[in-house]
Amino acid sequence: MSKTIENAQKLLDYLYDSPSPFHATNNAAKQLAAAGFMEIFEGDTWDIKAGGKYFLRKNSSSFAAFIMGTGSIAEHGIRTLAAHTDSPYFVIKPNPQMRTGKHIKLNTSPYGGIIMHTWFDRPLSIAGRVLLKSDDFLVPCEKLVNINRPLLVIPSLAIHLNREVNNGYKINAQSDTLPFAALVNTELEKGDYLISLLTKELGCKAEDILDFDLCLYEFQKGQFVGLNNEFISSSRLDDLWMVHAGLDAILNAAPSAYTKLLYCPDNEEIGSLTPHGAQSSFIKTLIERITPHGAFGQVMANSFFISADLGHAQNPNHAGKDDPTNPSIMGEGPILKYSAMQKYATNGYTGSIFTALCHKAGVPVQKYITRSDVMGGGTIGAIMGANLGVNVVDMGLAVMGMHSIREFGATIDNDYILKVFGTFFDN
């Protein structure tokens, strides 16, 4: 097995083991703890040491990990990699069980900019967290759950009943996308399909379940595609690919004069306006707590942030959708993301820094901007730049099928991003 395939297989394993933001954060925490990072908690007093390695979680779905610099943080600043833990999916609503004739369905809601039709006719499962009763009503017991077997299908309507489906069909998010779960039997006549499933999985009583945050995910694991395994096809490439690469960088980093930070918030796909999203005080409060009083502005002036999120690769079936002089190509290295409307934080100054970083890493770099008549997406870079007053660059890797249940990228780009992020945190 080549090193490139070995590295990409680790990515596929992390993606498969992280079917929800809660699992992505928990899996990161396990790796960080195993590498000697100490977990700290927002409600505690921190005793941060120069050269120390630390991590903390918020809402169990966002996390940050950092290696304190051995020099003055005010003088040397912070080098930060930022990526988000969430992806578009379907959320299971409260009281979700529905019955139509002899069929049991679950009531769901789309989360983020999901391409709904890609979720049809695929084996799906359920993952997330369940909150249980505890001795302190202010601190419920939290359990992660991943029912790692195919449970659900969202069935398409047969073409014989909708002859115009290939000419375009407007999907109704309430009625067309409900997953089929079971056929009614004696046990399900009055029972609760989901609660019964959760009690068996967690070994608890139904009355102990207070609430849950659960989503659907594609059961099938990601895989290599292509004559020479040159492509990766998987769920949740956006944005767990960047989370995984950032983890690799900080796990392999050593203390140096400057502080190194990996910041991975949740809820980017819905605008980041949550207590644990990029628009919250989470990252600013963290930095303030490890910064001498009154030195925050100086720290930010001497810092640099990389906002890492995937971008749109040129699709050969739709080449006219790209900017005529700035298409992004899979397998050609990281992409610098520009926006005249500043939906991305990259400007000439921050773009030049990232370009120099890629040159130092020996990795090709591309420039990406949407056509002037297309409204592109955004990410957390502009949010962090505005809230912190820090220099930020928005970058990513080029993929096809973004926000599909299965996204498509180039295997070699994984090697490129590992080199770039590793160089960024290099001594």
# chains A, B, ... in the order shown; residues from 1 in each chain; ligands from 1
call {"tool": "select_by_dssp", "arguments": {"residues": "range 191-414 of chain A", "states": "alpha helix (DSSP H)", "output": "count of residues only"}}
result
65
call {"tool": "residues_around", "arguments": {"residues": "range 150-161 of chain A", "least_positions_apart": "2", "cutoff": "6 Å", "atoms": "only C-alpha atoms", "output": "PDB file with all heavy atoms, in the first residue's frame"}}
result
ATOM      1  N   PHE A 120     -32.040   9.718  -1.557  1.00  0.00           N
ATOM      2  CA  PHE A 120     -33.090   8.748  -1.860  1.00  0.00           C
ATOM      3  C   PHE A 120     -32.495   7.368  -2.168  1.00  0.00           C
ATOM      4  O   PHE A 120     -31.429   7.253  -2.771  1.00  0.00           O
ATOM      5  CB  PHE A 120     -33.916   9.209  -3.060  1.00  0.00           C
ATOM      6  CG  PHE A 120     -34.909  10.307  -2.747  1.00  0.00           C
ATOM      7  CD1 PHE A 120     -34.526  11.454  -2.066  1.00  0.00           C
ATOM      8  CD2 PHE A 120     -36.231  10.203  -3.141  1.00  0.00           C
ATOM      9  CE1 PHE A 120     -35.418  12.470  -1.784  1.00  0.00           C
ATOM     10  CE2 PHE A 120     -37.147  11.205  -2.863  1.00  0.00           C
ATOM     11  CZ  PHE A 120     -36.743  12.344  -2.183  1.00  0.00           C
ATOM     12  N   ASP A 121     -33.200   6.328  -1.752  1.00  0.00           N
ATOM     13  CA  ASP A 121     -32.920   4.933  -2.139  1.00  0.00           C
ATOM     14  C   ASP A 121     -31.559   4.435  -1.660  1.00  0.00           C
ATOM     15  O   ASP A 121     -30.956   3.559  -2.292  1.00  0.00           O
ATOM     16  CB  ASP A 121     -33.036   4.772  -3.664  1.00  0.00           C
ATOM     17  CG  ASP A 121     -34.374   5.254  -4.201  1.00  0.00           C
ATOM     18  OD1 ASP A 121     -35.398   4.911  -3.589  1.00  0.00           O
ATOM     19  OD2 ASP A 121     -34.392   5.996  -5.196  1.00  0.00           O
ATOM     20  N   ARG A 122     -31.060   4.968  -0.564  1.00  0.00           N
ATOM     21  CA  ARG A 122     -29.798   4.520   0.025  1.00  0.00           C
ATOM     22  C   ARG A 122     -30.046   4.033   1.444  1.00  0.00           C
ATOM     23  O   ARG A 122     -30.830   4.640   2.182  1.00  0.00           O
ATOM     24  CB  ARG A 122     -28.778   5.670   0.076  1.00  0.00           C
ATOM     25  CG  ARG A 122     -28.295   6.144  -1.281  1.00  0.00           C
ATOM     26  CD  ARG A 122     -27.413   7.367  -1.109  1.00  0.00           C
ATOM     27  NE  ARG A 122     -26.954   7.888  -2.399  1.00  0.00           N
ATOM     28  CZ  ARG A 122     -25.781   7.608  -2.938  1.00  0.00           C
ATOM     29  NH1 ARG A 122     -24.944   6.806  -2.315  1.00  0.00           N
ATOM     30  NH2 ARG A 122     -25.425   8.120  -4.108  1.00  0.00           N
ATOM     31  N   PRO A 123     -29.371   2.973   1.860  1.00  0.00           N
ATOM     32  CA  PRO A 123     -29.473   2.554   3.262  1.00  0.00           C
ATOM     33  C   PRO A 123     -28.930   3.656   4.179  1.00  0.00           C
ATOM     34  O   PRO A 123     -27.814   4.144   3.986  1.00  0.00           O
ATOM     35  CB  PRO A 123     -28.596   1.296   3.331  1.00  0.00           C
ATOM     36  CG  PRO A 123     -28.533   0.807   1.914  1.00  0.00           C
ATOM     37  CD  PRO A 123     -28.567   2.034   1.058  1.00  0.00           C
ATOM     38  N   LEU A 124     -29.729   4.028   5.155  1.00  0.00           N
ATOM     39  CA  LEU A 124     -29.373   5.090   6.089  1.00  0.00           C
ATOM     40  C   LEU A 124     -29.381   4.557   7.515  1.00  0.00           C
ATOM     41  O   LEU A 124     -30.028   3.548   7.815  1.00  0.00           O
ATOM     42  CB  LEU A 124     -30.368   6.250   5.988  1.00  0.00           C
ATOM     43  CG  LEU A 124     -30.604   6.848   4.601  1.00  0.00           C
ATOM     44  CD1 LEU A 124     -31.737   7.871   4.654  1.00  0.00           C
ATOM     45  CD2 LEU A 124     -29.329   7.493   4.070  1.00  0.00           C
ATOM     46  N   SER A 125     -28.674   5.247   8.396  1.00  0.00           N
ATOM     47  CA  SER A 125     -28.713   4.895   9.810  1.00  0.00           C
ATOM     48  C   SER A 125     -28.854   6.159  10.642  1.00  0.00           C
ATOM     49  O   SER A 125     -29.076   7.254  10.105  1.00  0.00           O
ATOM     50  CB  SER A 125     -27.477   4.092  10.210  1.00  0.00           C
ATOM     51  OG  SER A 125     -27.679   3.493  11.480  1.00  0.00           O
ATOM     52  N   ARG A 163     -43.957  10.447 -14.647  1.00  0.00           N
ATOM     53  CA  ARG A 163     -43.245  10.344 -15.920  1.00  0.00           C
ATOM     54  C   ARG A 163     -42.342  11.539 -16.189  1.00  0.00           C
ATOM     55  O   ARG A 163     -41.428  11.455 -16.998  1.00  0.00           O
ATOM     56  CB  ARG A 163     -44.248  10.196 -17.066  1.00  0.00           C
ATOM     57  CG  ARG A 163     -45.040   8.896 -17.035  1.00  0.00           C
ATOM     58  CD  ARG A 163     -44.175   7.719 -17.408  1.00  0.00           C
ATOM     59  NE  ARG A 163     -44.936   6.464 -17.498  1.00  0.00           N
ATOM     60  CZ  ARG A 163     -44.413   5.289 -17.790  1.00  0.00           C
ATOM     61  NH1 ARG A 163     -43.107   5.209 -18.030  1.00  0.00           N
ATOM     62  NH2 ARG A 163     -45.156   4.212 -17.856  1.00  0.00           N
ATOM     63  N   THR A 177     -39.378  13.375   1.813  1.00  0.00           N
ATOM     64  CA  THR A 177     -38.068  12.919   2.292  1.00  0.00           C
ATOM     65  C   THR A 177     -38.132  12.168   3.613  1.00  0.00           C
ATOM     66  O   THR A 177     -37.110  12.005   4.289  1.00  0.00           O
ATOM     67  CB  THR A 177     -37.109  14.116   2.444  1.00  0.00           C
ATOM     68  OG1 THR A 177     -37.635  15.021   3.411  1.00  0.00           O
ATOM     69  CG2 THR A 177     -36.911  14.823   1.118  1.00  0.00           C
ATOM     70  N   PRO A 179     -37.986   9.127   5.963  1.00  0.00           N
ATOM     71  CA  PRO A 179     -37.426   7.777   5.827  1.00  0.00           C
ATOM     72  C   PRO A 179     -38.380   6.697   6.308  1.00  0.00           C
ATOM     73  O   PRO A 179     -39.024   6.823   7.351  1.00  0.00           O
ATOM     74  CB  PRO A 179     -36.163   7.840   6.697  1.00  0.00           C
ATOM     75  CG  PRO A 179     -36.471   8.871   7.727  1.00  0.00           C
ATOM     76  CD  PRO A 179     -37.324   9.898   7.033  1.00  0.00           C
ATOM     77  N   PHE A 180     -38.461   5.651   5.538  1.00  0.00           N
ATOM     78  CA  PHE A 180     -39.252   4.467   5.844  1.00  0.00           C
ATOM     79  C   PHE A 180     -38.468   3.607   6.832  1.00  0.00           C
ATOM     80  O   PHE A 180     -37.301   3.284   6.610  1.00  0.00           O
ATOM     81  CB  PHE A 180     -39.524   3.725   4.540  1.00  0.00           C
ATOM     82  CG  PHE A 180     -40.082   2.344   4.702  1.00  0.00           C
ATOM     83  CD1 PHE A 180     -41.387   2.132   5.114  1.00  0.00           C
ATOM     84  CD2 PHE A 180     -39.294   1.242   4.417  1.00  0.00           C
ATOM     85  CE1 PHE A 180     -41.892   0.853   5.248  1.00  0.00           C
ATOM     86  CE2 PHE A 180     -39.788  -0.039   4.543  1.00  0.00           C
ATOM     87  CZ  PHE A 180     -41.093  -0.239   4.959  1.00  0.00           C
ATOM     88  N   ALA A 181     -39.094   3.234   7.965  1.00  0.00           N
ATOM     89  CA  ALA A 181     -38.371   2.559   9.046  1.00  0.00           C
ATOM     90  C   ALA A 181     -38.791   1.117   9.255  1.00  0.00           C
ATOM     91  O   ALA A 181     -37.956   0.265   9.571  1.00  0.00           O
ATOM     92  CB  ALA A 181     -38.552   3.333  10.348  1.00  0.00           C
ATOM     93  N   PHE A 219     -25.184   4.832   5.503  1.00  0.00           N
ATOM     94  CA  PHE A 219     -24.539   3.703   6.168  1.00  0.00           C
ATOM     95  C   PHE A 219     -23.261   3.257   5.467  1.00  0.00           C
ATOM     96  O   PHE A 219     -22.297   2.853   6.111  1.00  0.00           O
ATOM     97  CB  PHE A 219     -25.512   2.520   6.254  1.00  0.00           C
ATOM     98  CG  PHE A 219     -24.891   1.285   6.834  1.00  0.00           C
ATOM     99  CD1 PHE A 219     -24.580   1.214   8.181  1.00  0.00           C
ATOM    100  CD2 PHE A 219     -24.578   0.205   6.024  1.00  0.00           C
ATOM    101  CE1 PHE A 219     -23.978   0.089   8.726  1.00  0.00           C
ATOM    102  CE2 PHE A 219     -23.980  -0.933   6.555  1.00  0.00           C
ATOM    103  CZ  PHE A 219     -23.682  -0.989   7.906  1.00  0.00           C
TER     104      PHE A 219
END
call {"tool": "residues_around", "arguments": {"residues": "Ser234 in chain A", "least_positions_apart": "3", "cutoff": "6 Å", "atoms": "only C-alpha atoms", "output": "JSON list (two decimals) with all heavy atoms, in the first residue's frame"}}
result
[["chain", "number", "residue", "atom", "x", "y", "z"],
["A", 222, "GLY", "N", -17.11, 5.35, 2.92],
["A", 222, "GLY", "CA", -16.44, 5.94, 1.77],
["A", 222, "GLY", "C", -15.43, 4.98, 1.16],
["A", 222, "GLY", "O", -14.97, 4.04, 1.81],
["A", 406, "ARG", "N", -22.88, 11.91, -1.03],
["A", 406, "ARG", "CA", -21.52, 11.45, -1.28],
["A", 406, "ARG", "C", -20.79, 12.48, -2.12],
["A", 406, "ARG", "O", -21.23, 12.81, -3.24],
["A", 406, "ARG", "CB", -21.52, 10.09, -2.00],
["A", 406, "ARG", "CG", -21.85, 8.93, -1.10],
["A", 406, "ARG", "CD", -21.75, 7.62, -1.83],
["A", 406, "ARG", "NE", -20.39, 7.11, -1.85],
["A", 406, "ARG", "CZ", -19.85, 6.41, -0.84],
["A", 406, "ARG", "NH1", -20.52, 6.18, 0.26],
["A", 406, "ARG", "NH2", -18.63, 5.94, -0.94],
["A", 407, "GLU", "N", -19.71, 13.00, -1.57],
["A", 407, "GLU", "CA", -18.90, 13.98, -2.28],
["A", 407, "GLU", "C", -17.68, 13.28, -2.87],
["A", 407, "GLU", "O", -17.34, 12.17, -2.49],
["A", 407, "GLU", "CB", -18.52, 15.10, -1.31],
["A", 407, "GLU", "CG", -19.74, 15.87, -0.83],
["A", 407, "GLU", "CD", -19.51, 16.66, 0.44],
["A", 407, "GLU", "OE1", -18.78, 16.19, 1.33],
["A", 407, "GLU", "OE2", -20.09, 17.76, 0.55]]
call {"tool": "atom_distance", "arguments": {"atom1": "CA of Ile48 in chain A", "atom2": "CA of Leu261 in chain A"}}
result
14.0 Å
